[in-house]
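*Asks:* Next comes protein_18.cif, mmCIF, C-alpha atoms:
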data_final
#
loop_
_atom_site.label_atom_id
_atom_site.label_comp_id
_atom_site.auth_asym_id
_atom_site.auth_seq_id
_atom_site.Cartn_x
_atom_site.Cartn_y
_atom_site.Cartn_z
CA MET X 1 94.47 75.38 109.48
CA PRO X 2 93.62 76.22 113.12
CA PRO X 3 91.03 78.93 113.80
CA GLU X 4 92.40 82.46 114.15
CA ASN X 5 91.09 85.35 116.25
CA ALA X 6 91.00 89.04 115.45
CA THR X 7 89.32 92.30 116.30
CA ALA X 8 87.58 93.65 113.24
CA ILE X 9 85.66 96.58 111.81
CA VAL X 10 82.93 95.61 109.33
CA LEU X 11 83.60 97.49 106.07
CA ARG X 12 81.03 95.97 103.76
CA THR X 13 78.50 93.17 103.63
CA ILE X 14 77.08 91.57 100.50
CA GLU X 15 74.21 89.10 100.48
CA PHE X 16 75.55 85.80 99.21
CA SER X 17 72.55 83.54 99.55
CA GLU X 18 69.28 83.40 101.44
CA THR X 19 71.14 83.26 104.77
CA SER X 20 74.83 83.95 104.12
CA LEU X 21 76.95 87.06 103.69
CA VAL X 22 80.28 87.87 102.12
CA VAL X 23 81.87 90.31 104.53
CA SER X 24 84.82 92.64 104.09
CA LEU X 25 86.56 93.27 107.40
CA PHE X 26 89.49 95.40 108.49
CA THR X 27 91.23 93.58 111.33
CA ARG X 28 93.84 94.82 113.76
CA GLU X 29 95.86 91.61 113.53
CA HIS X 30 95.67 90.66 109.83
CA GLY X 31 94.66 93.76 107.89
CA LYS X 32 91.79 93.48 105.44
CA LEU X 33 89.95 90.15 105.11
CA GLY X 34 87.22 88.88 102.82
CA VAL X 35 85.21 86.18 104.58
CA LEU X 36 82.16 84.05 103.99
CA ALA X 37 79.76 84.09 106.94
CA LYS X 38 77.39 81.16 106.50
CA GLY X 39 74.03 81.72 108.17
CA ALA X 40 74.89 85.30 109.15
CA ARG X 41 71.48 86.59 108.06
CA ARG X 42 69.68 84.31 110.48
CA LEU X 43 68.72 85.91 113.79
CA LYS X 44 70.17 83.04 115.77
CA GLY X 45 73.62 81.69 115.18
CA PRO X 46 77.27 82.30 115.91
CA PHE X 47 77.20 85.88 114.62
CA GLU X 48 74.49 87.44 116.84
CA SER X 49 73.75 90.17 114.26
CA ALA X 50 77.31 91.44 114.84
CA LEU X 51 78.05 91.85 111.13
CA ASP X 52 76.53 95.28 110.69
CA LEU X 53 78.39 98.02 108.79
CA LEU X 54 80.98 99.89 110.88
CA ALA X 55 80.47 97.58 113.86
CA VAL X 56 83.53 96.50 115.81
CA CYS X 57 83.55 92.82 116.67
CA ARG X 58 85.74 90.01 117.85
CA ILE X 59 85.91 87.30 115.20
CA VAL X 60 87.08 83.72 114.75
CA PHE X 61 87.86 82.58 111.22
CA LEU X 62 89.45 79.77 109.26
CA ARG X 63 92.04 80.78 106.73
CA LYS X 64 91.67 79.08 103.36
CA SER X 65 94.80 78.02 101.59
CA SER X 66 93.15 78.14 98.17
CA GLU X 67 91.74 81.24 96.49
CA ALA X 68 88.41 80.67 98.25
CA LEU X 69 87.18 83.18 100.80
CA ASP X 70 88.20 82.65 104.42
CA LEU X 71 85.40 81.19 106.51
CA LEU X 72 84.04 83.23 109.41
CA THR X 73 82.93 80.90 112.19
CA GLU X 74 82.09 83.34 114.98
CA ALA X 75 81.59 87.07 115.54
CA LYS X 76 80.89 88.74 118.85
CA LEU X 77 79.78 92.34 118.80
CA LEU X 78 81.98 94.73 120.73
CA ARG X 79 80.45 98.01 119.61
CA ARG X 80 77.78 98.98 117.13
CA PHE X 81 77.99 102.29 115.23
CA ARG X 82 75.28 104.34 116.91
CA MET X 83 74.56 107.86 115.81
CA ASP X 84 74.27 110.15 118.81
CA SER X 85 72.98 113.09 116.82
CA ARG X 86 70.21 113.62 114.26
CA SER X 87 72.80 114.58 111.65
CA LEU X 88 73.72 112.10 108.94
CA ALA X 89 77.16 113.66 108.53
CA GLY X 90 78.75 111.31 111.07
CA LEU X 91 77.23 108.24 109.41
CA TYR X 92 78.39 109.28 105.95
CA GLY X 93 81.82 110.07 107.41
CA GLY X 94 81.86 106.52 108.83
CA TYR X 95 80.96 105.05 105.44
CA TYR X 96 83.79 107.10 103.91
CA VAL X 97 86.27 105.71 106.48
CA ALA X 98 85.14 102.19 105.51
CA GLU X 99 85.47 102.95 101.81
CA LEU X 100 89.00 104.32 102.16
CA LEU X 101 90.12 101.35 104.27
CA SER X 102 88.59 99.01 101.73
CA GLU X 103 90.18 100.71 98.73
CA LEU X 104 93.63 101.53 100.11
CA THR X 105 94.59 98.56 102.28
CA HIS X 106 95.45 95.03 101.23
CA GLU X 107 94.48 91.60 102.51
CA TYR X 108 96.79 90.21 105.19
CA ASP X 109 98.72 93.48 105.43
CA PRO X 110 98.16 94.50 109.06
CA HIS X 111 98.33 98.12 110.25
CA PRO X 112 97.43 98.00 113.98
CA GLU X 113 97.90 101.75 114.43
CA LEU X 114 95.61 102.42 111.48
CA PHE X 115 93.02 100.09 112.97
CA ASP X 116 93.17 102.00 116.28
CA LEU X 117 92.86 105.29 114.40
CA ALA X 118 89.82 104.04 112.45
CA ASP X 119 88.25 102.67 115.64
CA GLN X 120 88.77 105.99 117.43
CA THR X 121 87.53 107.97 114.42
CA LEU X 122 84.31 105.91 114.20
CA VAL X 123 83.57 106.57 117.87
CA ARG X 124 84.00 110.30 117.29
CA LEU X 125 81.98 110.30 114.05
CA ALA X 126 79.10 108.58 115.83
CA GLU X 127 79.16 111.42 118.37
CA GLY X 128 78.91 113.80 115.42
CA VAL X 129 80.73 116.65 117.17
CA ALA X 130 83.46 117.66 114.69
CA VAL X 131 82.83 115.48 111.67
CA ALA X 132 84.70 117.53 109.03
CA ARG X 133 87.82 117.78 111.17
CA ASP X 134 87.66 114.09 112.18
CA VAL X 135 87.32 112.96 108.56
CA LEU X 136 90.20 115.16 107.41
CA ARG X 137 92.40 114.02 110.29
CA PHE X 138 91.63 110.40 109.46
CA GLU X 139 92.45 110.91 105.78
CA LEU X 140 95.81 112.52 106.55
CA HIS X 141 96.81 109.94 109.17
CA LEU X 142 95.71 107.14 106.82
CA LEU X 143 97.96 108.56 104.10
CA ARG X 144 100.84 108.85 106.55
CA HIS X 145 100.43 105.23 107.76
CA LEU X 146 100.38 103.96 104.20
CA GLY X 147 103.33 106.09 103.09
CA LEU X 148 101.17 108.16 100.76
CA LEU X 149 101.13 111.48 102.59
CA PRO X 150 101.97 114.28 100.17
CA SER X 151 104.96 116.49 100.91
CA LEU X 152 103.45 119.58 102.55
CA GLU X 153 106.49 121.72 103.41
CA GLN X 154 109.31 120.74 101.06
CA CYS X 155 109.13 120.95 97.28
CA VAL X 156 108.69 117.48 95.77
CA GLY X 157 110.85 118.59 92.82
CA CYS X 158 114.01 119.91 94.48
CA GLY X 159 113.47 119.43 98.23
CA CYS X 160 113.73 123.11 99.14
CA ASP X 161 111.48 124.64 101.80
CA VAL X 162 108.45 126.12 100.13
CA PRO X 163 108.05 129.73 101.27
CA ALA X 164 105.17 130.34 103.70
CA GLY X 165 102.54 132.92 102.91
CA GLY X 166 100.39 133.56 99.86
CA ARG X 167 99.45 130.69 97.60
CA VAL X 168 101.47 127.55 96.98
CA ALA X 169 101.36 125.12 94.05
CA PHE X 170 100.26 121.58 94.98
CA GLY X 171 100.95 118.89 92.39
CA HIS X 172 98.51 115.99 92.61
CA TRP X 173 100.55 113.88 90.23
CA ASP X 174 103.83 114.87 91.83
CA GLY X 175 102.58 114.18 95.37
CA GLY X 176 102.99 117.49 97.16
CA VAL X 177 103.94 121.14 97.07
CA LEU X 178 106.08 122.62 94.31
CA CYS X 179 108.39 125.62 94.55
CA PRO X 180 108.11 128.39 91.90
CA LYS X 181 111.18 126.97 90.08
CA CYS X 182 109.77 123.43 89.80
CA ARG X 183 106.17 124.46 89.10
CA PRO X 184 106.38 125.25 85.34
CA GLY X 185 105.35 122.44 83.03
CA LYS X 186 103.71 120.32 85.75
CA ARG X 187 100.19 119.02 85.20
CA GLN X 188 97.32 118.56 87.67
CA VAL X 189 98.53 121.39 89.89
CA ALA X 190 96.25 123.19 92.35
CA SER X 191 96.93 126.58 93.88
CA VAL X 192 96.47 126.34 97.64
CA ARG X 193 96.65 128.94 100.40
CA SER X 194 99.57 128.33 102.72
CA ASP X 195 97.10 128.53 105.65
CA VAL X 196 95.43 125.43 104.26
CA LEU X 197 98.75 123.59 104.05
CA ARG X 198 99.54 124.62 107.62
CA THR X 199 96.19 123.18 108.77
CA MET X 200 96.99 119.96 106.88
CA VAL X 201 100.35 119.68 108.66
CA GLN X 202 98.68 120.27 112.02
CA LEU X 203 96.01 117.64 111.34
CA ALA X 204 98.55 115.12 110.03
CA GLU X 205 100.77 115.55 113.08
CA SER X 206 98.07 115.91 115.73
CA GLY X 207 98.35 113.12 118.28
CA GLU X 208 94.90 113.69 119.71
CA PRO X 209 91.73 114.69 117.87
CA SER X 210 90.45 118.15 118.52
CA THR X 211 87.12 119.92 118.31
CA GLU X 212 88.70 123.27 117.51
CA PRO X 213 86.48 124.91 114.87
CA MET X 214 87.81 125.30 111.33
CA ASP X 215 86.72 128.27 109.26
CA ASN X 216 84.46 127.50 106.31
CA ARG X 217 86.91 128.72 103.70
CA THR X 218 89.80 126.55 104.95
CA ARG X 219 87.50 123.56 105.36
CA GLY X 220 86.09 123.92 101.87
CA GLU X 221 89.51 124.36 100.25
CA LEU X 222 90.99 121.47 102.22
CA ARG X 223 88.03 119.24 101.35
CA GLY X 224 88.45 120.02 97.66
CA LEU X 225 92.17 119.31 97.79
CA MET X 226 91.69 115.98 99.56
CA ASN X 227 88.86 114.96 97.21
CA HIS X 228 91.11 115.55 94.22
CA TYR X 229 94.11 113.84 95.84
CA PHE X 230 92.16 110.69 96.79
CA ALA X 231 90.51 110.54 93.36
CA HIS X 232 94.01 110.67 91.86
CA LEU X 233 95.34 107.96 94.23
CA LEU X 234 92.43 105.59 93.62
CA GLY X 235 92.05 106.34 89.94
CA LYS X 236 88.36 107.08 90.58
CA LYS X 237 86.21 109.30 92.71
CA PRO X 238 85.31 107.61 96.02
CA LYS X 239 81.55 106.94 96.19
CA MET X 240 81.18 108.69 99.53
CA GLN X 241 82.81 111.95 98.50
CA ALA X 242 79.51 113.26 97.17
CA TYR X 243 78.01 112.78 100.62
CA LEU X 244 80.74 114.61 102.54
CA GLY X 245 79.08 117.89 101.62
CA TRP X 246 76.41 117.04 104.18
CA ASP X 247 78.91 117.83 106.81
CA GLN X 248 78.77 121.28 108.32
CA THR X 249 80.51 120.58 111.61
CA MET C 1 77.28 60.48 81.83
CA SER C 2 75.88 61.77 78.56
CA GLU C 3 75.38 65.50 77.95
CA ALA C 4 71.91 66.94 78.69
CA THR C 5 69.87 68.04 75.69
CA GLN C 6 70.03 71.68 74.66
CA SER C 7 66.68 72.56 76.25
CA VAL C 8 67.54 70.81 79.52
CA SER C 9 70.87 72.63 79.61
CA GLU C 10 69.07 75.89 78.99
CA LEU C 11 66.66 75.18 81.86
CA ILE C 12 69.57 74.34 84.19
CA ASP C 13 71.35 77.57 83.21
CA GLN C 14 68.22 79.63 83.87
CA LEU C 15 67.51 77.96 87.21
CA ALA C 16 71.14 78.42 88.28
CA LYS C 17 70.70 82.20 87.90
CA LEU C 18 68.19 82.22 90.77
CA PRO C 19 69.48 83.37 94.17
CA GLY C 20 70.66 80.54 96.38
CA ILE C 21 70.58 77.99 93.53
CA GLY C 22 73.89 76.51 92.47
CA LYS C 23 74.61 74.34 89.46
CA LYS C 24 73.88 71.07 91.29
CA SER C 25 70.59 72.32 92.74
CA ALA C 26 69.61 73.63 89.31
CA GLU C 27 70.25 70.19 87.81
CA ARG C 28 68.16 68.55 90.54
CA LEU C 29 65.28 70.97 89.94
CA ALA C 30 65.46 70.54 86.18
CA TYR C 31 65.31 66.73 86.40
CA HIS C 32 62.51 67.01 88.95
CA LEU C 33 60.50 69.10 86.46
CA LEU C 34 61.09 66.43 83.81
CA HIS C 35 59.78 63.72 86.11
CA VAL C 36 56.62 65.37 87.48
CA HIS C 37 53.37 65.40 85.51
CA LYS C 38 53.49 67.72 82.52
CA SER C 39 50.61 69.86 83.86
CA GLU C 40 52.48 70.48 87.12
CA ALA C 41 55.60 71.65 85.29
CA LEU C 42 53.58 73.87 82.97
CA ALA C 43 51.69 75.33 85.95
CA LEU C 44 55.04 76.58 87.25
CA ALA C 45 55.84 78.10 83.85
CA ASP C 46 52.40 79.78 83.79
CA ALA C 47 52.85 81.10 87.31
CA ILE C 48 56.19 82.68 86.36
CA ARG C 49 54.67 84.22 83.23
CA ASP C 50 51.64 85.53 85.17
CA VAL C 51 53.71 87.10 87.88
CA ARG C 52 55.95 88.86 85.40
CA GLU C 53 53.09 90.07 83.20
CA ASN C 54 50.55 91.02 85.86
CA VAL C 55 52.40 92.08 88.98
CA ARG C 56 53.50 95.70 89.30
CA TYR C 57 54.08 98.22 92.05
CA CYS C 58 51.04 99.85 93.67
CA LYS C 59 50.86 103.50 92.61
CA THR C 60 50.23 104.61 96.17
CA CYS C 61 52.39 102.49 98.46
CA PHE C 62 54.74 100.64 96.03
CA ASN C 63 53.78 97.25 97.41
CA LEU C 64 53.36 94.46 94.86
CA SER C 65 49.97 94.49 93.22
CA GLU C 66 48.05 93.12 90.26
CA LYS C 67 46.10 96.37 89.88
CA ASP C 68 47.15 100.00 89.93
CA THR C 69 46.24 100.09 93.62
CA CYS C 70 47.02 97.16 95.92
CA GLU C 71 44.50 95.41 98.17
CA LEU C 72 45.92 97.01 101.30
CA CYS C 73 45.57 100.54 99.91
CA GLY C 74 42.08 99.74 98.64
CA ASP C 75 40.85 98.31 101.95
CA PRO C 76 38.51 100.91 103.54
CA ARG C 77 38.75 99.22 106.97
CA ARG C 78 42.40 100.15 107.42
CA GLU C 79 43.40 103.24 109.39
CA ASP C 80 44.58 106.12 107.22
CA ARG C 81 46.21 107.93 110.15
CA LEU C 82 48.93 105.28 110.59
CA LEU C 83 51.61 104.79 107.95
CA CYS C 84 54.26 102.10 108.27
CA VAL C 85 57.40 102.57 106.16
CA VAL C 86 59.29 99.41 105.13
CA GLU C 87 62.20 98.64 102.83
CA GLN C 88 60.77 95.80 100.73
CA PRO C 89 57.39 94.26 99.82
CA ARG C 90 58.38 91.12 101.75
CA ASP C 91 58.54 93.27 104.90
CA VAL C 92 54.84 94.12 104.36
CA MET C 93 54.10 90.39 104.24
CA ALA C 94 56.04 89.81 107.47
CA LEU C 95 54.20 92.60 109.28
CA GLU C 96 50.81 91.52 107.93
CA GLN C 97 51.41 88.01 109.25
CA THR C 98 51.50 89.43 112.80
CA GLY C 99 47.91 90.68 112.38
CA MET C 100 48.79 93.55 114.73
CA PHE C 101 48.93 96.47 112.34
CA ARG C 102 45.79 97.91 110.75
CA GLY C 103 47.24 101.04 109.17
CA ARG C 104 48.65 101.73 105.71
CA TYR C 105 52.09 100.95 104.29
CA HIS C 106 54.73 102.64 102.20
CA VAL C 107 57.45 100.54 100.56
CA LEU C 108 60.75 102.33 99.89
CA LEU C 109 62.00 99.62 97.49
CA GLY C 110 65.40 99.61 99.17
CA ARG C 111 67.46 101.51 101.71
CA ILE C 112 69.97 104.32 101.41
CA ALA C 113 73.27 102.52 100.87
CA PRO C 114 75.80 104.91 99.34
CA LEU C 115 78.56 102.29 99.37
CA ASP C 116 76.37 100.16 97.09
CA GLY C 117 75.56 103.19 94.94
CA VAL C 118 71.99 103.56 96.28
CA GLY C 119 71.06 107.13 97.14
CA PRO C 120 67.77 108.68 98.36
CA ASP C 121 66.73 109.54 94.78
CA GLN C 122 66.56 105.86 93.86
CA LEU C 123 63.93 105.12 96.51
CA THR C 124 60.28 106.13 96.78
CA ILE C 125 61.01 108.80 99.40
CA ASP C 126 59.55 111.69 97.37
CA ALA C 127 56.26 109.81 97.06
CA LEU C 128 56.27 109.16 100.80
CA VAL C 129 56.77 112.83 101.61
CA GLY C 130 53.99 113.64 99.13
CA ARG C 131 51.61 111.26 100.94
CA VAL C 132 52.40 112.83 104.31
CA ARG C 133 52.04 116.36 102.90
CA ALA C 134 48.63 115.44 101.49
CA GLY C 135 47.44 115.15 105.11
CA GLY C 136 45.42 112.64 107.11
CA ILE C 137 48.47 110.82 108.47
CA GLU C 138 49.14 111.29 112.18
CA GLU C 139 51.96 108.83 112.71
CA VAL C 140 54.69 107.48 110.45
CA ILE C 141 56.20 104.26 111.83
CA MET C 142 59.72 103.70 110.52
CA ALA C 143 60.05 99.92 110.11
CA THR C 144 63.28 99.87 108.15
CA ASN C 145 65.74 97.16 109.16
CA PRO C 146 67.41 97.68 112.55
CA ASN C 147 70.92 98.02 111.17
CA VAL C 148 73.18 100.96 110.30
CA GLU C 149 71.75 101.43 106.79
CA GLY C 150 68.16 100.98 107.95
CA ASP C 151 68.69 103.46 110.79
CA GLY C 152 70.36 105.90 108.39
CA THR C 153 67.43 105.66 106.00
CA ALA C 154 64.95 106.18 108.86
CA LEU C 155 66.91 109.18 110.10
CA TYR C 156 67.05 110.71 106.61
CA ILE C 157 63.28 110.39 106.23
CA SER C 158 62.50 111.61 109.73
CA ASN C 159 64.63 114.71 109.05
CA LEU C 160 62.60 115.33 105.86
CA LEU C 161 59.36 114.99 107.80
CA ALA C 162 60.53 117.09 110.74
CA ASP C 163 58.63 120.20 109.66
CA LEU C 164 55.39 118.40 108.91
CA PRO C 165 52.61 117.88 111.48
CA VAL C 166 53.22 114.17 111.90
CA ARG C 167 54.66 111.99 114.66
CA VAL C 168 57.58 109.83 113.49
CA THR C 169 58.26 106.66 115.48
CA ARG C 170 60.67 103.74 115.12
CA LEU C 171 59.97 100.05 115.76
CA ALA C 172 61.01 99.02 119.27
CA ARG C 173 64.11 96.91 119.72
CA GLY C 174 65.89 95.15 122.53
CA ILE C 175 65.57 91.90 124.45
CA THR C 176 63.86 88.99 122.70
CA THR C 177 60.64 87.86 124.37
CA GLY C 178 61.16 84.56 126.18
CA SER C 179 64.89 85.09 126.69
CA VAL C 180 66.67 86.00 129.94
CA LEU C 181 68.49 89.22 130.81
CA GLU C 182 71.61 87.33 131.86
CA PHE C 183 72.32 86.24 128.29
CA ALA C 184 71.31 89.43 126.50
CA ASN C 185 74.28 91.32 125.10
CA LYS C 186 75.20 94.90 125.98
CA GLU C 187 73.62 96.32 122.80
CA MET C 188 70.29 94.56 123.37
CA LEU C 189 70.14 95.75 126.96
CA SER C 190 70.97 99.36 126.10
CA ASP C 191 68.34 99.30 123.31
CA ALA C 192 65.78 97.87 125.73
CA LEU C 193 66.59 100.45 128.38
CA SER C 194 66.47 103.42 126.03
CA GLY C 195 63.24 102.16 124.44
CA ARG C 196 61.49 101.27 127.72
CA GLN C 197 57.80 102.10 128.00
CA ALA C 198 55.27 102.71 130.75
CA PHE C 199 53.09 99.84 132.01
#
So, in terms of structure tokens, how does the structure I just supplied come out?

*Replies:*
Amino acid sequence: MPPENATAIVLRTIEFSETSLVVSLFTREHGKLGVLAKGARRLKGPFESALDLLAVCRIVFLRKSSEALDLLTEAKLLRRFRMDSRSLAGLYGGYYVAELLSELTHEYDPHPELFDLADQTLVRLAEGVAVARDVLRFELHLLRHLGLLPSLEQCVGCGCDVPAGGRVAFGHWDGGVLCPKCRPGKRQVASVRSDVLRTMVQLAESGEPSTEPMDNRTRGELRGLMNHYFAHLLGKKPKMQAYLGWDQT
Amino acid sequence: MSEATQSVSELIDQLAKLPGIGKKSAERLAYHLLHVHKSEALALADAIRDVRENVRYCKTCFNLSEKDTCELCGDPRREDRLLCVVEQPRDVMALEQTGMFRGRYHVLLGRIAPLDGVGPDQLTIDALVGRVRAGGIEEVIMATNPNVEGDGTALYISNLLADLPVRVTRLARGITTGSVLEFANKEMLSDALSGRQAF
């Protein structure tokens, strides 16, 4: 197989031997990859310390036809994740982005737009300006790209418009809002303020990130809803969710 | 080829559990131990037993030690005002080999790595804060690894120490001595520029 090139975000590194790493990457061209980087822990070599968590790098790899890991032959650092503030919220947000990409995407299933979104989100998280909003926006856009975005305006049971105002039923198992007729008998249903749903729609549709402040109540409710929804999707609680509480921006 | 005896197989299995040792290397090591003089092989077994039975973590700095307090903590010639924080005992060995540092150490026994399930509570951070609170330390040098997790750990600790009367510094980073600017990458150059110091 000829060598292939890609632009990649480093999602995870695991020590494989004294000098080698197994690296999980999310690439723009090929989706998620698991590669073996021989000698990556040495200071000198073809990787130039580029394989650091959340770093963006240009890679060359050899695809293996068997079940063995692909072999990474070169990595050139394009951008390291550098925290601009003294807050850890941006870093933990970055880890969460990596965890979601790792858990929800598949090998050799490319999503170039999702890569660009993750790349842009990591830059913003490193700045640490509006971490809560950036994480929520990333989560909603990720769900939309993967076809997992819950229905936020139409009832998932009958398709009718869910009335605005007051509180609305949100079915985690059903994948979105439920009208009063469809609500009875459903399990794993949360009661959500319609303001929160409106904010979700705005974040999911927003083309450009914003630093507009979000009130604490909406942020807290939205965070709880997303935590529950992702735990349901993954069948487990993401490791980084416990750390998202650090975020007060 | 005939099967190895049960005890040789057991030795190969145990050796193959060591990091960086595969099945073939384990076989080579096992047959080497069978060929060397008996006393040499048994010396290795004794050394493994000794290290497991006698070596523990120093109660003060969490470096490896054969007593409750390690040699570095017990050395009265070292400067109490300087405290160097590292991730692993092997980092202490690396720094000691430079011969440049005469202060004390604190070993975290890891780094904060939430994706690997390692949080601040699993490290020796509380003990570190306790040492700084006890007084006598003027500078804490964060010598965690210069990567995202190492930086995150250093930042977490420096935030904890922010209200205490101590200066927190980070190991310098940037261009390798003996190299040339032309071949240094963007990250190295920006590190070197931001960490520049007066002549």

*Asks:* Quick check: residues of chain X within 8 Å of chain C, all atoms listed in the file, returned as a list in words.

*Replies:* Phe16, Ser17, Glu18, Asp52, Leu53, Leu54, Arg79, Arg80, Phe81, Arg82, Arg86, Leu88, Leu91, Tyr95, Glu99, Lys239 and Met240 of chain X

*Asks:* Could you name the residues that touch Arg52 (chain C) at 12 Å or less, counting only C-alpha atoms, but leaving out those on the same chain fewer than 6 positions away, as number ranges by chain?

*Replies:* C: 45-46, 64-66

*Asks:* List the spatial neighbours of His232 (chain X) as a list in words - criterion: any atom at most 10 Å away, only C-alpha atoms, same-chain residues fewer than 3 positions off excluded.

*Replies:*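 Surrounding residues, per the criterion: His172, Trp173, Gly175, Gln188, Met226, Asn227, His228, Tyr229, Gly235, Lys236 and Lys237 of chain X.
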
*Asks:* Do you have the CA of Gly39 (chain X)-CA of Ala55 (chain X) distance handy?

*Replies:*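 Interatomic distance, CA of Gly39 (chain X) to CA of Ala55 (chain X): 18.0 Å.
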
*Asks:* If we count all atoms listed in the file, what is near region 128-141 of chain C at a cut-off of 7 Å, once residues fewer than 3 positions away on the same chain are taken out, given as a PyMOL selection string?

*Replies:* chain C and resi 80-85+106+124-125+166-171

*Asks:* Calculate how many Å separate CA of His111 (chain X) from CA of Leu25 (chain X), rounding to one decimal.

*Replies:*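 Result for CA of His111 (chain X) versus CA of Leu25 (chain X): 13.0 Å, one decimal.
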
*Asks:* For Gly195 (chain C), please output as a list in words all residues within 10 Å (counting only C-alpha atoms; exclusion window: fewer than 4 positions along the same chain).

*Replies:*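 Contacts, in chain order: Arg170, Leu171, Ala172, Arg173, Gly174, Leu189, Ser190 and Asp191 of chain C.
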
*Asks:* For this file, the PyMOL selection byres ((chain X and resi 150) around 7) selects which residues, as a count of residues only?

*Replies:* 6

*Asks:* What lies within 8 Å of region 164-169 of chain X using only C-alpha atoms, ignoring chain neighbours under 3 positions off, as JSON, numbers by chain?

*Replies:* {"X": [177, 178, 179, 180, 183, 189, 190, 191, 192, 193, 194, 195]}

*Asks:* For the residues in that selection, give me C-alpha atoms as a short mmCIF file (atom, residue, chain, number, x, y, z; two decimals), keeping the file's coordinate frame.

*Replies:*
data_model
loop_
_atom_site.label_atom_id
_atom_site.label_comp_id
_atom_site.auth_asym_id
_atom_site.auth_seq_id
_atom_site.Cartn_x
_atom_site.Cartn_y
_atom_site.Cartn_z
CA VAL X 177 103.94 121.14 97.07
CA LEU X 178 106.08 122.62 94.31
CA CYS X 179 108.39 125.62 94.55
CA PRO X 180 108.11 128.39 91.90
CA ARG X 183 106.17 124.46 89.10
CA VAL X 189 98.53 121.39 89.89
CA ALA X 190 96.25 123.19 92.35
CA SER X 191 96.93 126.58 93.88
CA VAL X 192 96.47 126.34 97.64
CA ARG X 193 96.65 128.94 100.40
CA SER X 194 99.57 128.33 102.72
CA ASP X 195 97.10 128.53 105.65
#

*Asks:* Taking the file above as input, evaluate the PyMOL selection byres ((chain X and resi 26) around 9) and report the hits as a tab-separated table (two decimals) with C-alpha atoms, keeping the file's coordinate frame.

*Replies:*
chain	number	residue	atom	x	y	z
X	7	THR	CA	89.32	92.30	116.30
X	8	ALA	CA	87.58	93.65	113.24
X	9	ILE	CA	85.66	96.58	111.81
X	10	VAL	CA	82.93	95.61	109.33
X	11	LEU	CA	83.60	97.49	106.07
X	24	SER	CA	84.82	92.64	104.09
X	25	LEU	CA	86.56	93.27	107.40
X	27	THR	CA	91.23	93.58	111.33
X	28	ARG	CA	93.84	94.82	113.76
X	29	GLU	CA	95.86	91.61	113.53
X	30	HIS	CA	95.67	90.66	109.83
X	31	GLY	CA	94.66	93.76	107.89
X	32	LYS	CA	91.79	93.48	105.44
X	33	LEU	CA	89.95	90.15	105.11
X	34	GLY	CA	87.22	88.88	102.82
X	98	ALA	CA	85.14	102.19	105.51
X	101	LEU	CA	90.12	101.35	104.27
X	102	SER	CA	88.59	99.01	101.73
X	105	THR	CA	94.59	98.56	102.28
X	107	GLU	CA	94.48	91.60	102.51
X	110	PRO	CA	98.16	94.50	109.06
X	115	PHE	CA	93.02	100.09	112.97

*Asks:* Where does the PyMOL selection byres ((chain C and resi 144) around 6) land in this file, that is, which residues does it pick, as a PyMOL selection string?

*Replies:* chain C and resi 86-87+142-143+145+150

*Asks:* How about saving the chosen residues, C-alpha atoms kept, as a tab-separated table (two decimals), keeping the file's coordinate frame?

*Replies:*
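And here is the file that came out, again.tsv:
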chain	number	residue	atom	x	y	z
C	86	VAL	CA	59.29	99.41	105.13
C	87	GLU	CA	62.20	98.64	102.83
C	142	MET	CA	59.72	103.70	110.52
C	143	ALA	CA	60.05	99.92	110.11
C	145	ASN	CA	65.74	97.16	109.16
C	150	GLY	CA	68.16	100.98	107.95

*Asks:* In Å, how far is it from CA of Val55 (chain C) to CA of Cys73 (chain C)?

*Replies:*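 Answer for the CA of Val55 (chain C) to CA of Cys73 (chain C) separation: 15.4 Å.
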
*Asks:* Using all atoms listed in the file, what does the table of region 79-153 of chain X residues within 7 Å of region 196-220 of chain X look like, with each row giving the shortest atom pair and its distance in Å to one decimal, sorted by chain and ascending number, as CSV?

*Replies:*
residue,atom,partner,partner_atom,distance
X:Ala130,CA,X:Thr211,CA,5.6
X:Arg137,CA,X:Leu203,CA,5.2
X:Leu140,CA,X:Ala204,CA,5.1
X:His141,CA,X:Ala204,CA,5.5
X:Leu152,CA,X:Leu197,CA,6.4

*Asks:* Which one is closest to Leu114 (chain X): X:Gly147, X:Pro184, X:Gly93, X:Pro3? Count only C-alpha atoms.

*Replies:*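 Of the candidates, the smallest distance to Leu114 (chain X) is held by X:Gly147.
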